[in-house]
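Notes follow once the structure below has been shown.
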Amino acid sequence: MATWHLMFQKPAYESAQLQHLVDHLRQAQSFGGFPLQKATFVRDTSDLGYVDLTFTLTSAITQPVFADMTKYIMVVAAGLEDAPLPLYFAIMQHSIDELSISYHIYDAHNVDIYYWQAPPIIAAPEAPDNGLRFR
């Protein structure tokens, strides 16, 4: 079992985005191909939003897979999980440093991950053609 504590800086990430992330993961019932045990929006302060993920490790997570999993969280929080592939990869091609994601690994099963700014691409609010815009 692994537990990831995710912290999202405000105002870059709104509470609705974090709830969307939790709802999406709960519906998928997996995270990074690992069975999801629990996804919870645990705390919301004026500075940070906190989400906890608990999932079953069925194999070791390599550094490249870890990086992709952390970036995927950003993609879902931005509402881009169903975006056209070029837009999806516009985020995924960046390093976690470029995306202002930092982390602290406590052991093989517990990680704190910090999301310091919003992703460089976000879904356009209420666009009639469901278009996307770049920042």
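In the structure tokens, the first chain shown is A, the next is B, and so on; residue numbers restart at 1 for each chain, and ligands run from 1 in the order shown.
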
Taking the DSSP secondary structure from the backbone, can you list the residues of chain A that are helix (DSSP H, G or I), as a PyMOL selection string? chain A and resi 15-28+63-77+85-92

Give the strand (DSSP E) residues of segment 1-132 of chain A, as assigned by DSSP on the backbone, as JSON, numbers by chain. {"A": [2, 3, 4, 5, 6, 7, 8, 9, 30, 31, 34, 35, 36, 37, 38, 39, 40, 41, 42, 43, 44, 48, 49, 50, 51, 52, 53, 54, 55, 101, 102, 103, 104, 105, 106, 107, 110, 111, 112, 113, 114, 115, 121, 122, 123, 132]}

12 Å contact set for Gln93 of chain A, only C-alpha atoms, chain neighbours under 5 positions out, as a ChimeraX atom specification: /A:64,67-68,71-72,75,85-88,98-99,120

Store the residues of this selection in a file with C-alpha atoms, as a PDB file, in the first residue's frame.
```pdb
ATOM      1  CA  PRO A  64      10.097   8.077 -14.897  1.00  0.00           C
ATOM      2  CA  ALA A  67       7.202  11.714 -12.767  1.00  0.00           C
ATOM      3  CA  ASP A  68       4.426  10.761 -15.211  1.00  0.00           C
ATOM      4  CA  LYS A  71       2.156  15.142 -14.016  1.00  0.00           C
ATOM      5  CA  TYR A  72      -1.033  13.172 -14.692  1.00  0.00           C
ATOM      6  CA  VAL A  75      -3.527  17.101 -16.053  1.00  0.00           C
ATOM      7  CA  LEU A  85      -3.344  14.336 -27.361  1.00  0.00           C
ATOM      8  CA  PRO A  86      -1.230  17.322 -28.472  1.00  0.00           C
ATOM      9  CA  LEU A  87      -2.572  19.354 -25.540  1.00  0.00           C
ATOM     10  CA  TYR A  88      -2.188  16.456 -23.121  1.00  0.00           C
ATOM     11  CA  GLU A  98       9.462  23.003 -15.073  1.00  0.00           C
ATOM     12  CA  LEU A  99       5.908  22.439 -13.820  1.00  0.00           C
ATOM     13  CA  PRO A 120       0.678  25.941 -18.314  1.00  0.00           C
TER      14      PRO A 120
END
```

Exercise: segment 33-46 of chain A partners within 10 Å, only C-alpha atoms, chain neighbours under 3 positions left out, as a VMD selection string: chain A and resid 1 to 11 14 to 15 18 to 30 49 to 59 69

Nearest residue to Tyr115 of chain A from the set A:Val65, A:Ile73, A:His94, A:Asp82 (distances using only C-alpha atoms):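 The answer is A:Ile73, which sits nearest to Tyr115 of chain A.
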
Separation of atom CA of Ala78 of chain A from atom CA of Asp112 of chain A in Å: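 Value for the atom CA of Asp112 of chain A-atom CA of Ala78 of chain A distance: 19.7 Å.
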
Atom CA of Phe66 of chain A to atom CA of Phe31 of chain A: how many Å, to one decimal?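 Interatomic distance here is 11.2 Å.
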
So the first atom is atom CA of Leu80 of chain A and the second is atom CA of Gly32 of chain A; what is the distance between them in Å, to one decimal place?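 A separation of 16.0 Å between them.
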